[in-house]
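So this block is entry.txt, compact mmCIF, C-alpha atoms:
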# COMPACT_ATOMS: atom_id res chain seq x y z
CA MET A 26 87.57 213.50 36.82
CA LYS A 27 90.18 213.31 34.05
CA SER A 28 87.67 211.73 31.61
CA ILE A 29 85.08 214.54 31.87
CA SER A 30 86.85 217.08 29.68
CA PRO A 31 87.75 214.69 26.78
CA ARG A 32 84.19 213.35 26.72
CA ALA A 33 82.74 216.86 26.41
CA HIS A 34 85.20 217.76 23.65
CA PHE A 35 84.21 214.60 21.76
CA ARG A 36 80.55 215.59 21.91
CA GLN A 37 81.42 219.04 20.62
CA LEU A 38 83.27 217.45 17.69
CA VAL A 39 80.23 215.30 16.88
CA ILE A 40 77.93 218.33 16.96
CA LYS A 41 80.17 220.33 14.61
CA TYR A 42 80.38 217.42 12.19
CA SER A 43 76.59 216.97 12.25
CA ALA A 44 76.10 220.66 11.48
CA LYS A 45 78.03 220.22 8.20
CA ASN A 46 77.10 216.68 7.17
CA GLY A 47 73.89 215.93 9.02
CA VAL A 48 73.00 213.96 12.15
CA THR A 49 72.80 210.61 10.34
CA ALA A 50 76.29 210.94 8.87
CA ALA A 51 77.66 211.95 12.28
CA SER A 52 75.94 208.97 13.90
CA ILE A 53 77.50 206.56 11.38
CA ARG A 54 80.95 208.12 11.52
CA TYR A 55 81.29 208.37 15.33
CA ARG A 56 79.03 205.39 16.17
CA VAL A 57 76.68 207.40 18.33
CA CYS A 58 72.90 207.05 18.27
CA ARG A 59 70.94 209.89 16.62
CA LYS A 60 68.87 210.59 19.73
CA ALA A 61 72.01 211.31 21.77
CA ILE A 62 73.23 213.77 19.13
CA TYR A 63 69.88 215.60 19.18
CA ASP A 64 70.03 215.81 23.00
CA TRP A 65 73.56 217.22 22.85
CA LYS A 66 72.54 219.82 20.26
CA LYS A 67 69.72 221.03 22.57
CA ARG A 68 72.17 221.52 25.43
CA TYR A 69 74.99 222.99 23.33
CA ASP A 70 75.41 226.77 23.69
CA GLY A 71 78.73 227.11 21.88
CA ARG A 72 80.90 226.10 24.85
CA TRP A 73 82.16 222.57 25.47
CA GLN A 74 81.40 222.98 29.21
CA SER A 75 77.69 222.79 28.40
CA LEU A 76 78.16 219.19 27.18
CA ILE A 77 79.50 217.88 30.52
CA ASP A 78 77.28 215.25 32.12
CA ARG A 79 74.94 216.73 34.68
CA SER A 80 74.32 215.33 38.13
CA HIS A 81 71.90 212.41 38.30
CA ARG A 82 70.95 213.24 41.85
CA PRO A 83 67.18 213.82 42.17
CA HIS A 84 66.03 217.30 43.15
CA SER A 85 63.58 215.88 45.67
CA HIS A 86 62.57 212.58 47.23
CA PRO A 87 59.16 211.56 48.55
CA ARG A 88 60.68 210.32 51.82
CA GLN A 89 63.26 213.04 52.36
CA GLN A 90 63.43 214.58 55.82
CA THR A 91 61.28 217.64 56.30
CA ALA A 92 62.30 221.08 57.51
CA GLU A 93 60.49 220.39 60.81
CA GLU A 94 62.58 217.25 61.36
CA TYR A 95 65.80 219.12 60.62
CA ALA A 96 64.81 221.86 63.06
CA MET A 97 64.03 219.28 65.75
CA ILE A 98 67.41 217.61 65.23
CA GLU A 99 69.21 220.94 65.55
CA ARG A 100 67.24 221.82 68.69
CA TYR A 101 67.93 218.57 70.53
CA TYR A 102 71.52 218.26 69.29
CA ARG A 103 72.45 221.31 71.37
CA ARG A 104 71.39 219.42 74.53
CA THR A 105 73.11 216.09 73.90
CA LYS A 106 75.95 215.21 71.55
CA ASP A 107 75.59 211.45 72.14
CA LYS A 108 73.97 210.22 68.93
CA ILE A 109 72.24 207.16 70.42
CA MET A 110 70.71 209.20 73.24
CA LEU A 111 69.78 211.89 70.72
CA TRP A 112 68.02 209.33 68.54
CA ASP A 113 66.07 207.94 71.52
CA LYS A 114 65.03 211.45 72.54
CA LEU A 115 63.92 212.32 69.00
CA ARG A 116 61.84 209.13 68.73
CA GLU A 117 60.08 210.05 71.97
CA ASN A 118 59.06 213.29 70.29
CA GLY A 119 57.74 211.75 67.09
CA TYR A 120 60.88 211.22 65.00
CA THR A 121 60.32 208.09 62.84
CA ARG A 122 63.57 207.88 60.91
CA CYS A 123 66.19 205.18 61.42
CA TYR A 124 69.49 205.80 63.16
CA ASN A 125 71.50 205.97 59.91
CA SER A 126 69.13 208.65 58.57
CA LEU A 127 69.84 210.68 61.69
CA LEU A 128 73.59 210.38 61.12
CA ARG A 129 73.20 211.56 57.52
CA ALA A 130 71.09 214.49 58.68
CA ILE A 131 73.71 215.53 61.25
CA LYS A 132 76.37 215.37 58.57
CA ARG A 133 74.20 217.32 56.13
CA LEU A 134 73.52 220.02 58.72
CA LYS A 135 77.23 220.15 59.62
CA LEU A 136 76.50 220.02 63.32
CA GLU A 137 79.63 218.07 64.26
CA GLU A 138 82.74 220.06 64.96
CA THR A 139 85.67 219.03 62.83
CA PRO A 140 88.45 217.65 65.06
CA GLU A 141 91.66 219.59 65.18
CA LYS A 142 94.48 218.14 63.15
CA ARG A 143 97.23 216.67 65.24
CA LYS A 144 100.51 218.45 64.95
CA GLY A 145 103.23 216.46 63.27
CA TYR A 146 105.86 214.98 65.51
CA LYS A 147 109.20 216.73 65.35
CA SER A 148 112.01 214.67 66.73
CA LYS A 149 114.42 216.40 69.06
CA PRO A 150 118.04 216.81 67.90
CA TYR A 151 119.98 213.73 68.90
CA GLN A 152 123.51 213.98 70.25
CA ARG A 153 125.52 211.29 68.50
CA ALA A 154 128.14 209.37 70.45
CA GLU A 155 131.55 210.98 70.05
CA TYR A 156 133.78 208.01 70.87
CA PRO A 157 133.49 204.19 70.95
CA GLY A 158 131.75 202.83 74.02
CA GLN A 159 130.05 206.08 74.96
CA LYS A 160 126.67 204.41 74.41
CA VAL A 161 125.82 200.86 73.32
CA GLN A 162 122.29 199.85 72.31
CA ILE A 163 121.14 196.30 73.13
CA ASP A 164 118.00 194.47 72.05
CA VAL A 165 116.63 190.96 71.45
CA LYS A 166 115.39 189.53 68.15
CA PHE A 167 113.34 186.37 67.74
CA VAL A 168 115.04 184.00 65.34
CA PRO A 169 112.60 183.40 62.43
CA ALA A 170 110.89 180.00 62.57
CA TYR A 171 111.38 179.38 58.84
CA CYS A 172 115.14 178.94 59.26
CA VAL A 173 114.97 176.61 62.31
CA ALA A 174 114.85 172.90 61.45
CA ASN A 175 114.08 171.45 64.89
CA GLY A 176 111.08 173.69 65.60
CA GLN A 177 112.47 175.24 68.81
CA LYS A 178 112.47 178.94 69.66
CA TYR A 179 115.75 180.83 69.67
CA TYR A 180 116.65 184.43 70.44
CA GLN A 181 119.38 186.67 69.08
CA TYR A 182 120.88 189.20 71.50
CA THR A 183 122.43 192.14 69.65
CA ALA A 184 124.64 195.00 70.83
CA ILE A 185 125.70 197.88 68.60
CA ASP A 186 128.02 200.76 69.40
CA GLU A 187 126.42 204.09 68.44
CA CYS A 188 129.70 205.71 67.37
CA THR A 189 131.28 203.03 65.19
CA ARG A 190 128.27 200.71 64.58
CA PHE A 191 130.50 197.85 65.78
CA CYS A 192 128.20 194.88 66.48
CA PHE A 193 128.21 191.78 68.64
CA ARG A 194 125.56 189.05 68.45
CA GLU A 195 124.88 185.85 70.37
CA MET A 196 122.10 183.26 70.18
CA TYR A 197 120.22 181.74 73.12
CA ASP A 198 117.39 179.29 73.64
CA GLU A 199 116.07 181.21 76.65
CA HIS A 200 114.72 184.74 76.84
CA SER A 201 115.51 185.69 80.45
CA THR A 202 117.72 187.75 82.72
CA TYR A 203 120.16 184.81 82.94
CA SER A 204 120.73 184.99 79.17
CA SER A 205 121.05 188.77 79.42
CA LEU A 206 123.73 188.44 82.09
CA ASP A 207 125.70 185.90 80.04
CA PHE A 208 125.43 188.11 76.95
CA LEU A 209 126.65 191.14 78.90
CA LYS A 210 129.75 189.27 80.11
CA LYS A 211 130.55 188.10 76.56
CA LEU A 212 129.91 191.62 75.22
CA ILE A 213 132.37 193.26 77.62
CA GLU A 214 134.99 190.67 76.70
CA TYR A 215 134.36 190.98 72.93
CA PHE A 216 134.38 194.77 72.57
CA PRO A 217 137.95 196.11 72.19
CA PHE A 218 137.06 199.31 74.09
CA PRO A 219 135.52 200.10 77.50
CA ILE A 220 131.75 200.59 77.66
CA ARG A 221 130.47 203.71 79.43
CA GLU A 222 126.71 203.36 78.98
CA ILE A 223 124.25 200.68 77.88
CA GLN A 224 120.75 201.40 76.58
CA THR A 225 117.86 198.89 76.39
CA ASP A 226 114.10 198.84 76.28
CA ASN A 227 111.94 198.04 79.33
CA GLY A 228 111.69 194.27 78.82
CA THR A 229 111.77 192.00 81.86
CA GLU A 230 114.93 190.34 80.56
CA TRP A 231 116.68 193.62 81.38
CA THR A 232 114.85 195.27 84.26
CA ASN A 233 111.98 194.92 86.76
CA ALA A 234 111.16 198.64 86.67
CA LEU A 235 107.69 198.12 85.19
CA LEU A 236 106.74 195.24 87.51
CA VAL A 237 104.64 196.44 90.44
CA LYS A 238 105.84 193.90 93.01
CA LYS A 239 109.49 193.73 91.90
CA ALA A 240 110.09 197.32 90.81
CA THR A 241 112.77 197.89 93.44
CA HIS A 242 114.50 194.52 92.91
CA LYS A 243 117.38 194.72 90.47
CA THR A 244 117.88 191.94 87.93
CA LEU A 245 121.13 190.04 87.46
CA PHE A 246 121.75 192.20 84.40
CA GLU A 247 121.43 195.44 86.37
CA GLU A 248 123.51 194.17 89.28
CA TYR A 249 126.38 193.26 86.97
CA LEU A 250 126.22 196.68 85.34
CA ASP A 251 126.63 198.25 88.79
CA GLU A 252 129.58 195.98 89.53
CA CYS A 253 131.30 197.02 86.30
CA GLY A 254 130.51 200.71 86.80
CA ILE A 255 128.53 200.94 83.54
CA LYS A 256 125.72 203.47 83.35
CA TYR A 257 122.32 201.98 82.52
CA HIS A 258 119.71 203.86 80.50
CA ARG A 259 116.17 202.65 79.74
CA ILE A 260 114.31 204.19 76.79
CA GLN A 261 110.83 205.63 77.10
CA VAL A 262 107.98 203.10 77.05
CA ALA A 263 106.51 202.31 73.60
CA THR A 264 109.21 204.25 71.72
CA PRO A 265 111.33 201.66 69.87
CA ARG A 266 112.69 204.43 67.64
CA HIS A 267 114.91 205.48 70.56
CA ASN A 268 116.68 202.16 70.05
CA GLY A 269 116.60 202.68 66.31
CA LYS A 270 120.18 201.69 65.50
CA VAL A 271 119.87 198.17 66.87
CA GLU A 272 116.33 197.84 65.45
CA ARG A 273 117.66 198.74 62.01
CA GLN A 274 120.47 196.23 62.42
CA HIS A 275 117.91 193.52 63.18
CA ARG A 276 116.15 194.22 59.88
CA LEU A 277 119.45 193.96 58.04
CA ASP A 278 120.23 190.67 59.82
CA GLU A 279 116.88 189.33 58.62
CA GLN A 280 117.72 190.20 55.01
CA ARG A 281 121.41 189.29 54.93
CA PHE A 282 121.61 186.32 57.28
CA TYR A 283 118.39 184.60 58.32
CA SER A 284 116.78 184.63 54.89
CA LYS A 285 119.70 182.55 53.57
CA MET A 286 120.56 180.24 56.48
CA ARG A 287 119.24 176.99 57.94
CA MET A 288 120.11 175.94 61.50
CA TYR A 289 119.62 172.55 63.16
CA SER A 290 120.61 173.24 66.78
CA LEU A 291 121.73 176.01 69.11
CA GLU A 292 125.40 175.17 68.58
CA ASP A 293 124.97 175.19 64.81
CA GLY A 294 123.20 178.55 64.96
CA ARG A 295 125.90 180.06 67.15
CA LYS A 296 128.65 178.94 64.76
CA GLN A 297 126.90 180.47 61.76
CA LEU A 298 126.08 183.65 63.68
CA ALA A 299 129.73 184.04 64.77
CA LYS A 300 130.87 183.89 61.14
CA TYR A 301 128.24 186.41 60.09
CA ASN A 302 129.20 188.68 62.98
CA LYS A 303 132.77 188.96 61.65
CA ILE A 304 131.52 189.58 58.11
CA SER A 305 128.97 192.24 59.11
CA ASN A 306 131.57 194.39 60.86
CA ASN A 307 133.43 194.63 57.56
CA ILE A 308 130.38 195.76 55.53
CA SER A 309 130.35 199.44 54.58
CA LYS A 310 127.55 201.65 55.96
CA SER A 311 126.19 204.87 54.49
CA CYS A 312 125.91 206.42 57.98
CA LEU A 313 129.70 205.99 58.31
CA LYS A 314 130.31 207.68 54.95
CA TYR A 315 130.54 204.30 53.26
CA ARG A 316 133.18 202.91 55.59
CA SER A 317 132.99 199.70 57.59
CA PRO A 318 132.68 199.60 61.41
CA ASN A 319 136.09 197.95 61.65
CA ALA A 320 137.70 200.73 59.60
CA VAL A 321 136.13 203.46 61.74
CA LEU A 322 137.04 201.61 64.92
CA ALA A 323 140.67 201.29 63.78
CA ASP A 324 140.93 205.08 63.48
CA TYR A 325 139.71 205.58 67.05
CA LEU A 326 141.89 202.81 68.48
CA ALA A 327 144.94 204.36 66.88
CA VAL A 328 144.32 207.53 68.88
CA MET A 329 143.04 206.01 72.12

Take the structure in the file and give it back as structure tokens.
Amino acid sequence: MKSISPRAHFRQLVIKYSAKNGVTAASIRYRVCRKAIYDWKKRYDGRWQSLIDRSHRPHSHPRQQTAEEYAMIERYYRRTKDKIMLWDKLRENGYTRCYNSLLRAIKRLKLEETPEKRKGYKSKPYQRAEYPGQKVQIDVKFVPAYCVANGQKYYQYTAIDECTRFCFREMYDEHSTYSSLDFLKKLIEYFPFPIREIQTDNGTEWTNALLVKKATHKTLFEEYLDECGIKYHRIQVATPRHNGKVERQHRLDEQRFYSKMRMYSLEDGRKQLAKYNKISNNISKSCLKYRSPNAVLADYLAVM
């Protein structure tokens, strides 16, 4: 649409030049054929808008749908909104057009009701953790295959404290409740503060809540949480944004760690991950007002 106005102004310039110097001189100067200039002069009424290209759509077509066909479509459309059934019913009553022609006719007649626009999602205000250990998010990340030399599958378990963003990571070669239990024991030992609540998704490595036959059977992970007196919270199904802090940390781990490392075994991967874990807790975060998790944690530990 931006090229319509300049094109019309150019034609107006050609017409004005031809009025002073002739059509032939204008044709040579602006490299436009004489016939086009004569056509523009016929259309020109003194306004540049009259030189805009007109629609090339034909006014009529020999095979266009008739008024009787349109009326029949409107009449039967009130009875059935199913387009295939409507087309079959119309053909029984003498309609000879193809199915796509029927769809175009329905659109042209504006018979379909426009669907209501979905209201935008407004997230509820989230109460941030007020002290370390109030809530810890845990999730599992698949170790990228491009950084594994032996071709095996490995999994990174990650825990992040919502208040201080203090992280703990461990790597496993098994994605199961046994690995989750071992990670939980190491997590409790690694964190320098007591954990009040742990939040995870609904994966079977954490809980059996979504399994029909084992819904009432607690996993090893859940049983150990009960033994330690730690509250367990599962996020809503298909809402990973509720575990957004640990999900975001996984993306950062992909950029800062896995894109630059190469591991040859589980032991090698654990050694490299332990080094990165110490480094990451000293990296400043914008959500902490450009302070590191260790610095924020030190302030809380000094008071606790």

Q.
Counting only C-alpha atoms, which residue out of A:Arg221, A:Ser284, A:Tyr63, A:Ala92 sits closest to Cys253 of chain A?
A. A:Arg221

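Residue neighbourhood of Arg72 of chain A, excluding near-sequence residues (fewer than 2 positions): Ala33, His34, Gln37, Arg68, Tyr69, Asp70, Gln74, Ser75 and Leu76 of chain A, at 10 Å, using only C-alpha atoms.
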
How would the residues just picked look written out with C-alpha atoms as a PDB file, in the frame of the given file?
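Listed below is the output, selection.pdb:
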ATOM      1  CA  ALA A  33      82.740 216.860  26.410  1.00  0.00           C
ATOM      2  CA  HIS A  34      85.200 217.760  23.650  1.00  0.00           C
ATOM      3  CA  GLN A  37      81.420 219.040  20.620  1.00  0.00           C
ATOM      4  CA  ARG A  68      72.170 221.520  25.430  1.00  0.00           C
ATOM      5  CA  TYR A  69      74.990 222.990  23.330  1.00  0.00           C
ATOM      6  CA  ASP A  70      75.410 226.770  23.690  1.00  0.00           C
ATOM      7  CA  GLN A  74      81.400 222.980  29.210  1.00  0.00           C
ATOM      8  CA  SER A  75      77.690 222.790  28.400  1.00  0.00           C
ATOM      9  CA  LEU A  76      78.160 219.190  27.180  1.00  0.00           C
TER      10      LEU A  76
END

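Take atom CA of Asn125 of chain A and atom CA of Tyr102 of chain A: the distance between them is 15.5 Å.
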
(Q) Residues near segment 132-137 of chain A, anyone? I mean within 10 Å using all atoms listed in the file, not counting same-chain ones fewer than 5 positions away, as number ranges by chain. (A) A: 95-96, 98-99, 102-103, 106, 126-127

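Atom CA of Thr244 of chain A is found 28.4 Å from atom CA of Ser290 of chain A.
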
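Put simply, atom CA of Gly228 of chain A is 26.3 Å away from atom CA of Lys147 of chain A.
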
Q: Please return, as number ranges by chain, all polymer residues that have at least one atom within 10 Å of the point (123.1, 183.0, 61.5); use all atoms listed in the file and the file's own coordinate frame.
A: A: 168, 172, 181, 194-196, 278-279, 281-288, 293-302

Q: Excluding Ile62 of chain A and residues on its chain fewer than 3 positions from it, collect all residues at most 8 Å away from it, counting all atoms listed in the file, and give them as a ChimeraX atom specification.
A: /A:39-40,48,52,57-59,65-66

Now that the selection is made, can you save its residues with C-alpha atoms as a CSV table (one decimal), keeping the file's coordinate frame?
chain,number,residue,atom,x,y,z
A,39,VAL,CA,80.2,215.3,16.9
A,40,ILE,CA,77.9,218.3,17.0
A,48,VAL,CA,73.0,214.0,12.2
A,52,SER,CA,75.9,209.0,13.9
A,57,VAL,CA,76.7,207.4,18.3
A,58,CYS,CA,72.9,207.0,18.3
A,59,ARG,CA,70.9,209.9,16.6
A,65,TRP,CA,73.6,217.2,22.8
A,66,LYS,CA,72.5,219.8,20.3

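Closest to Cys192 of chain A among A:Asn233, A:Ser311, A:Gln274, A:Gln89 is A:Gln274, based on all atoms listed in the file.
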
Q: Show which residues sit within 8 Å of Thr232 of chain A, as an MDAnalysis selection string. Count all atoms listed in the file, and ignore same-chain residues fewer than 6 positions away.
A: chainID A and resid 243:244 246:247

Q: Might you pull out every residue within 12 Å of Cys312 of chain A, with all atoms listed in the file counted and same-chain residues fewer than 3 positions away left off, and present them as a list in words?
A: Arg153, Glu187, Cys188, Thr189, Arg190, Lys270, Arg273, Ile308, Ser309, Tyr315, Arg316, Ser317, Pro318 and Val321 of chain A

Taking every listed atom of segment 47-61 of chain A and adding 8 Å to each side, what centre and edge lengths in Å (one decimal) does the axis-aligned box have, as AutoDock Vina command-line options?
--center_x 75.1 --center_y 210.7 --center_z 15.3 --size_x 28.4 --size_y 26.5 --size_z 28.9

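Those DNA, RNA and protein residues that approach the point (61.6, 212.2, 70.2) to within 12 Å, considering all atoms listed in the file, are A:Glu94, A:Met97, A:Ile98, A:Arg100, A:Tyr101, A:Tyr102, A:Ile109, A:Met110, A:Leu111, A:Trp112, A:Asp113, A:Lys114, A:Leu115, A:Arg116, A:Glu117, A:Asn118, A:Gly119, A:Tyr120, A:Thr121, A:Arg122, A:Leu127.
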